[in-house]
$ cat upload04.tsv   # TSV, C-alpha atoms and all ligand atoms
chain	number	residue	atom	x	y	z
A	1	MET	CA	-103.46	-120.86	-26.66
A	2	SER	CA	-102.66	-119.48	-23.34
A	3	GLU	CA	-103.43	-115.94	-22.72
A	4	GLU	CA	-100.60	-114.11	-21.13
A	5	THR	CA	-101.02	-110.96	-19.32
A	6	SER	CA	-99.00	-108.23	-20.67
A	7	GLY	CA	-98.25	-104.73	-19.61
A	8	PRO	CA	-96.96	-103.42	-16.34
A	9	VAL	CA	-97.31	-105.36	-13.12
A	10	PHE	CA	-98.93	-103.23	-10.48
A	11	ASP	CA	-97.59	-103.23	-7.01
A	12	GLN	CA	-100.27	-104.73	-4.79
A	13	GLN	CA	-99.21	-102.72	-1.79
A	14	PRO	CA	-101.75	-100.04	-0.86
A	15	ILE	CA	-100.60	-96.98	-2.61
A	16	HIS	CA	-102.00	-94.77	0.19
A	17	ALA	CA	-100.28	-96.62	3.01
A	18	ALA	CA	-98.29	-93.56	3.96
A	19	THR	CA	-101.40	-91.37	3.87
A	20	ALA	CA	-103.47	-93.84	5.88
A	21	LYS	CA	-100.99	-93.72	8.72
A	22	ARG	CA	-101.34	-89.95	8.97
A	23	LYS	CA	-103.58	-88.94	11.90
A	24	PHE	CA	-106.58	-86.73	11.54
A	25	PRO	CA	-105.45	-83.23	12.49
A	26	TRP	CA	-107.50	-82.86	15.67
A	27	LEU	CA	-105.04	-80.37	17.09
A	28	LEU	CA	-105.42	-78.10	14.09
A	29	VAL	CA	-109.22	-78.37	14.23
A	30	GLY	CA	-109.14	-77.56	17.95
A	31	GLU	CA	-106.95	-74.53	17.35
A	32	CYS	CA	-109.28	-73.30	14.63
A	33	LEU	CA	-112.32	-73.73	16.88
A	34	LEU	CA	-110.58	-71.90	19.71
A	35	ALA	CA	-109.61	-69.05	17.40
A	36	ALA	CA	-113.18	-68.86	16.08
A	37	MET	CA	-114.53	-68.77	19.64
A	38	ILE	CA	-112.14	-66.00	20.65
A	39	LEU	CA	-113.06	-64.03	17.54
A	40	PHE	CA	-116.78	-64.48	18.27
A	41	LEU	CA	-116.40	-63.33	21.89
A	42	TYR	CA	-114.35	-60.33	20.75
A	43	LEU	CA	-116.82	-59.29	18.05
A	44	TYR	CA	-119.89	-59.83	20.20
A	45	ARG	CA	-118.39	-58.98	23.59
A	46	ASP	CA	-120.93	-56.27	24.30
A	47	PHE	CA	-123.80	-58.66	23.62
A	48	VAL	CA	-122.32	-61.61	25.52
A	49	PHE	CA	-121.14	-59.70	28.57
A	50	LYS	CA	-123.65	-56.85	28.51
A	51	LYS	CA	-125.76	-58.14	31.36
A	52	ASP	CA	-123.00	-58.95	33.78
A	53	VAL	CA	-119.99	-56.79	33.03
A	54	HIS	CA	-121.27	-53.94	35.19
A	55	ARG	CA	-123.16	-55.98	37.75
A	56	ILE	CA	-120.51	-56.64	40.39
A	57	PRO	CA	-118.82	-53.19	40.28
A	58	THR	CA	-122.26	-51.55	40.46
A	59	LYS	CA	-123.28	-53.67	43.43
A	60	GLU	CA	-120.01	-52.77	45.16
A	61	LYS	CA	-120.67	-49.06	44.68
A	62	MET	CA	-124.15	-49.41	46.16
A	63	LYS	CA	-122.67	-51.30	49.07
A	64	ASP	CA	-120.15	-48.48	49.59
A	65	VAL	CA	-123.06	-46.02	49.83
A	66	GLN	CA	-124.78	-48.31	52.34
A	67	VAL	CA	-121.64	-48.62	54.45
A	68	ALA	CA	-120.99	-44.86	54.27
A	69	THR	CA	-124.57	-44.16	55.35
A	70	GLY	CA	-124.12	-46.57	58.25
A	71	HIS	CA	-120.97	-44.78	59.35
A	72	TYR	CA	-122.75	-41.45	59.00
A	73	ARG	CA	-125.53	-42.72	61.24
A	74	THR	CA	-123.00	-43.96	63.80
A	75	GLU	CA	-121.26	-40.57	63.73
A	76	TYR	CA	-124.29	-38.28	63.70
A	77	ASN	CA	-127.03	-40.58	65.01
A	78	ARG	CA	-129.26	-40.02	61.98
A	79	ILE	CA	-129.35	-40.54	58.22
A	80	PRO	CA	-127.64	-37.82	56.08
A	81	PHE	CA	-130.63	-35.51	55.86
A	82	PRO	CA	-131.74	-32.51	57.89
A	83	SER	CA	-133.45	-33.48	61.13
A	84	THR	CA	-136.50	-31.59	59.88
A	85	ILE	CA	-137.53	-34.22	57.30
A	86	PRO	CA	-140.72	-36.15	58.04
A	87	GLU	CA	-139.96	-39.40	59.81
A	88	ARG	CA	-141.18	-41.80	57.19
A	89	ASP	CA	-139.23	-43.91	54.71
A	90	MET	CA	-138.41	-42.04	51.55
A	91	GLU	CA	-137.05	-42.72	48.09
A	92	VAL	CA	-134.54	-40.28	46.63
A	93	ARG	CA	-132.03	-40.26	43.82
A	94	THR	CA	-128.27	-40.24	44.40
A	95	GLN	CA	-127.96	-36.50	44.04
A	96	GLY	CA	-127.73	-33.44	46.23
A	97	THR	CA	-126.73	-32.65	49.76
A	98	TRP	CA	-126.82	-36.18	51.17
A	99	ILE	CA	-124.29	-37.37	48.58
A	100	ALA	CA	-122.24	-34.20	49.18
A	101	ALA	CA	-122.34	-34.89	52.92
A	102	LEU	CA	-121.01	-38.45	52.49
A	103	ILE	CA	-118.03	-37.20	50.47
A	104	ALA	CA	-117.37	-34.38	52.98
A	105	GLN	CA	-118.45	-31.62	50.61
A	106	TYR	CA	-121.35	-30.26	52.63
A	107	ASP	CA	-120.53	-29.03	56.10
A	108	ALA	CA	-124.15	-28.39	57.14
A	109	LEU	CA	-124.76	-32.15	57.15
A	110	ASN	CA	-121.21	-33.27	57.86
A	111	PRO	CA	-119.71	-30.60	60.15
A	112	ARG	CA	-116.84	-32.89	61.15
A	113	GLN	CA	-115.91	-33.16	57.46
A	114	ILE	CA	-115.42	-36.90	57.60
A	115	GLU	CA	-114.96	-38.46	54.18
A	116	LEU	CA	-117.29	-41.42	54.48
A	117	LEU	CA	-117.62	-42.27	50.80
A	118	SER	CA	-114.86	-42.45	48.22
A	119	LEU	CA	-115.90	-43.30	44.67
A	120	PRO	CA	-114.26	-42.67	41.29
A	121	SER	CA	-115.03	-39.52	39.33
A	122	ALA	CA	-117.60	-40.03	36.58
A	123	LEU	CA	-116.33	-40.09	33.02
A	124	GLU	CA	-118.83	-38.36	30.73
A	125	GLN	CA	-121.21	-38.29	33.70
A	126	ARG	CA	-121.28	-42.10	33.92
A	127	ASP	CA	-120.35	-44.56	36.64
A	128	GLY	CA	-119.13	-42.24	39.36
A	129	ILE	CA	-119.42	-38.91	41.10
A	130	TYR	CA	-119.45	-35.48	39.50
A	131	GLN	CA	-120.73	-31.97	40.07
A	132	ASP	CA	-123.49	-30.86	37.71
A	133	ASN	CA	-123.96	-27.37	36.26
A	134	ASN	CA	-125.81	-26.27	39.40
A	135	GLY	CA	-122.93	-27.38	41.61
A	136	GLU	CA	-124.91	-30.36	42.94
A	137	TRP	CA	-123.06	-33.60	43.55
A	138	VAL	CA	-124.40	-36.54	41.57
A	139	LEU	CA	-123.64	-40.26	41.66
A	140	THR	CA	-124.48	-42.16	38.48
A	141	ASP	CA	-124.54	-45.79	37.39
A	142	PRO	CA	-122.67	-47.14	34.33
A	143	TRP	CA	-125.50	-45.94	32.07
A	144	GLY	CA	-125.43	-42.37	33.34
A	145	GLU	CA	-128.56	-42.65	35.49
A	146	MET	CA	-128.71	-41.78	39.15
A	147	TYR	CA	-129.38	-44.66	41.51
A	148	TYR	CA	-132.61	-44.97	43.49
A	149	ALA	CA	-132.11	-44.96	47.26
A	150	ILE	CA	-134.77	-45.79	49.83
A	151	PHE	CA	-134.01	-44.71	53.38
A	152	ASP	CA	-135.33	-46.10	56.62
A	153	ALA	CA	-136.19	-42.56	57.67
A	154	ASP	CA	-138.60	-43.65	60.40
A	155	TYR	CA	-135.86	-45.82	61.94
A	156	ASP	CA	-138.09	-48.83	62.48
A	157	GLY	CA	-135.60	-51.33	61.00
A	158	SER	CA	-137.66	-52.02	57.89
A	159	ILE	CA	-137.83	-50.53	54.40
A	160	PHE	CA	-140.40	-50.79	51.63
A	161	ASN	CA	-138.94	-52.91	48.83
A	162	PRO	CA	-140.22	-51.61	45.47
A	163	GLU	CA	-139.53	-54.92	43.76
A	164	THR	CA	-141.44	-57.18	46.13
A	165	MET	CA	-143.85	-54.34	47.00
A	166	LYS	CA	-143.51	-55.31	50.64
A	167	THR	CA	-142.06	-53.63	53.70
A	168	GLU	CA	-139.23	-55.89	54.79
A	169	PRO	CA	-136.84	-56.01	57.75
A	170	GLU	CA	-133.60	-54.27	56.84
A	171	SER	CA	-130.46	-54.03	58.92
A	172	ARG	CA	-129.05	-51.18	56.83
A	173	SER	CA	-130.35	-47.60	56.78
A	174	VAL	CA	-130.71	-47.54	53.02
A	175	ILE	CA	-131.27	-49.86	50.08
A	176	LEU	CA	-130.38	-48.90	46.52
A	177	TYR	CA	-130.98	-50.02	42.99
A	178	SER	CA	-129.91	-49.12	39.46
A	179	ALA	CA	-132.43	-49.06	36.62
A	180	GLY	CA	-130.00	-51.21	34.62
A	181	PRO	CA	-128.99	-51.06	30.94
A	182	ASP	CA	-132.50	-50.14	29.79
A	183	ARG	CA	-132.53	-47.14	32.18
A	184	ASP	CA	-136.09	-48.03	33.19
A	185	PRO	CA	-136.57	-48.56	36.94
A	186	LYS	CA	-139.86	-50.43	36.40
A	187	THR	CA	-138.26	-53.27	34.42
A	188	TRP	CA	-136.78	-55.31	37.24
A	189	LYS	CA	-135.20	-58.03	35.13
A	190	ASP	CA	-132.13	-55.90	34.33
A	191	ASN	CA	-132.19	-53.74	37.44
A	192	ILE	CA	-129.21	-54.12	39.73
A	193	CYS	CA	-130.27	-54.15	43.35
A	194	SER	CA	-128.40	-53.95	46.62
A	195	TRP	CA	-130.62	-56.69	48.08
A	196	ARG	CA	-129.99	-59.42	45.52
B	201	CA	CA	-138.76	-47.92	57.94
B	202	CA	CA	-134.55	-51.78	34.15
$ encode --input "upload04.tsv" --output "C-alpha cells"
Amino acid sequence: MSEETSGPVFDQQPIHAATAKRKFPWLLVGECLLAAMILFLYLYRDFVFKKDVHRIPTKEKMKDVQVATGHYRTEYNRIPFPSTIPERDMEVRTQGTWIAALIAQYDALNPRQIELLSLPSALEQRDGIYQDNNGEWVLTDPWGEMYYAIFDADYDGSIFNPETMKTEPESRSVILYSAGPDRDPKTWKDNICSWR
C-alpha cells in the first residue's frame, strides 16, 4: 500500500527571497550615528571645546598688546611706564595707566594721544577692556582675570620666563600669559602664553 502524501504542496522557493535582496540600511545607520555625534557635541560642547575655544582669540589679544607696546616704544623710546621706574624687568597685571596709555586714555604717558591698542569692551568684566569703579582701565581674559605681563624694563633684550624659570632672549618688550580656565597662574597646563 503506497503512502501518498496529502495536504498542501509547499512552494520550494525561498519565501524570504524578496527580503534577502534588501540591503542592510547602512545609510540609515550612518545618519543615526551622525545625529548622535552632533547631539553629543552639542550637549557636551563646553567640555569638548573648553580647552581650546578661547585659546586662539586670547593669544591674538596678547599679541595685540605686544604689538601696541612695540609701537609705543618706537614712538616714545621706552615702555609705557614713567621713566622713573627702576630699570629691571617687572611683572604687572593688565591694569592701570600703562593699559590706559595704550588705548590713548592717559595723556601723561601718551601725550600724542595715539591709539595703539584697540580691543573689544569687556562683557560682564570678561574678555576685554573696561573701566573699574576707581576709573582704572582693566584688560581681562575670557575668565575675568587680568593677564600677567612681564616687561623688559632693563632693555637688555631678554625677559625672565616664569614657566621655564629662565631668563631668555626676547625680541619683544613684553611677554604675557593668562592663568587659563582654572584662574590659577601657577598651573601652567591650562595657562595661555604669548610664547607658545
Ligand atoms: Ca630684561
Ligand atoms: Ca592655570
$ closest_residue --input "upload04.tsv" --among "A:Ile129, A:Met62, A:Val138, A:Ile114" --to "Arg196 (chain A)" --atoms "only C-alpha atoms"
A:Met62
$ axis_aligned_box --input "upload04.tsv" --around "region 112-120 of chain A" --padding-each-side "4 Å" --output "AutoDock Vina command-line options"
--center_x -115.9 --center_y -38.1 --center_z 51.2 --size_x 11.4 --size_y 18.4 --size_z 27.9
$ residues_around --input "upload04.tsv" --residues "Gln113 (chain A)" --least-positions-apart "5" --cutoff "9 Å" --atoms "only C-alpha atoms" --output "VMD selection string"
chain A and resid 101 to 107
$ residues_around --input "upload04.tsv" --residues "region 181-187 of chain A" --least-positions-apart "3" --cutoff "7 Å" --atoms "only C-alpha atoms" --output "list of chain:residue names"
A:Trp143, A:Glu145, A:Asp190, A:Asn191
$ closest_residue --input "upload04.tsv" --among "A:Ala35, A:Leu41, A:Ile56, A:Val67" --to "Cys193 (chain A)" --atoms "only C-alpha atoms"
A:Ile56
$ residues_around --input "upload04.tsv" --residues "Trp98 (chain A)" --least-positions-apart "2" --cutoff "8 Å" --atoms "only C-alpha atoms" --output "short mmCIF file (atom, residue, chain, number, x, y, z; two decimals) with C-alpha atoms, keeping the file's coordinate frame"
data_model
loop_
_atom_site.label_atom_id
_atom_site.label_comp_id
_atom_site.auth_asym_id
_atom_site.auth_seq_id
_atom_site.Cartn_x
_atom_site.Cartn_y
_atom_site.Cartn_z
CA PRO A 80 -127.64 -37.82 56.08
CA PHE A 81 -130.63 -35.51 55.86
CA GLN A 95 -127.96 -36.50 44.04
CA GLY A 96 -127.73 -33.44 46.23
CA ALA A 100 -122.24 -34.20 49.18
CA ALA A 101 -122.34 -34.89 52.92
CA LEU A 102 -121.01 -38.45 52.49
CA LEU A 109 -124.76 -32.15 57.15
#
$ residues_near_ligand --input "upload04.tsv" --ligand "ligand CA 201 (chain B)" --cutoff "8 Å" --atoms "all atoms listed in the file" --output "VMD selection string"
chain A and resid 88 to 89 151 to 160 167
$ write_last_selection --input "upload04.tsv" --atoms "C-alpha atoms" --output "JSON list (two decimals), in the frame of the given file"
[["chain", "number", "residue", "atom", "x", "y", "z"],
["A", 88, "ARG", "CA", -141.18, -41.80, 57.19],
["A", 89, "ASP", "CA", -139.23, -43.91, 54.71],
["A", 151, "PHE", "CA", -134.01, -44.71, 53.38],
["A", 152, "ASP", "CA", -135.33, -46.10, 56.62],
["A", 153, "ALA", "CA", -136.19, -42.56, 57.67],
["A", 154, "ASP", "CA", -138.60, -43.65, 60.40],
["A", 155, "TYR", "CA", -135.86, -45.82, 61.94],
["A", 156, "ASP", "CA", -138.09, -48.83, 62.48],
["A", 157, "GLY", "CA", -135.60, -51.33, 61.00],
["A", 158, "SER", "CA", -137.66, -52.02, 57.89],
["A", 159, "ILE", "CA", -137.83, -50.53, 54.40],
["A", 160, "PHE", "CA", -140.40, -50.79, 51.63],
["A", 167, "THR", "CA", -142.06, -53.63, 53.70]]
$ closest_residue --input "upload04.tsv" --among "A:Trp195, A:Tyr76, A:Tyr177, A:Trp137" --to "ligand CA 202 (chain B)" --atoms "only C-alpha atoms and all ligand atoms"
A:Tyr177
$ closest_residue --input "upload04.tsv" --among "A:Val174, A:Ile192, A:Val53, A:Ala122" --to "ligand CA 202 (chain B)" --atoms "only C-alpha atoms and all ligand atoms"
A:Ile192
$ closest_residue --input "upload04.tsv" --among "A:Ile79, A:Ile150, A:Leu27, A:Ala179" --to "ligand CA 202 (chain B)" --atoms "only C-alpha atoms and all ligand atoms"
A:Ala179
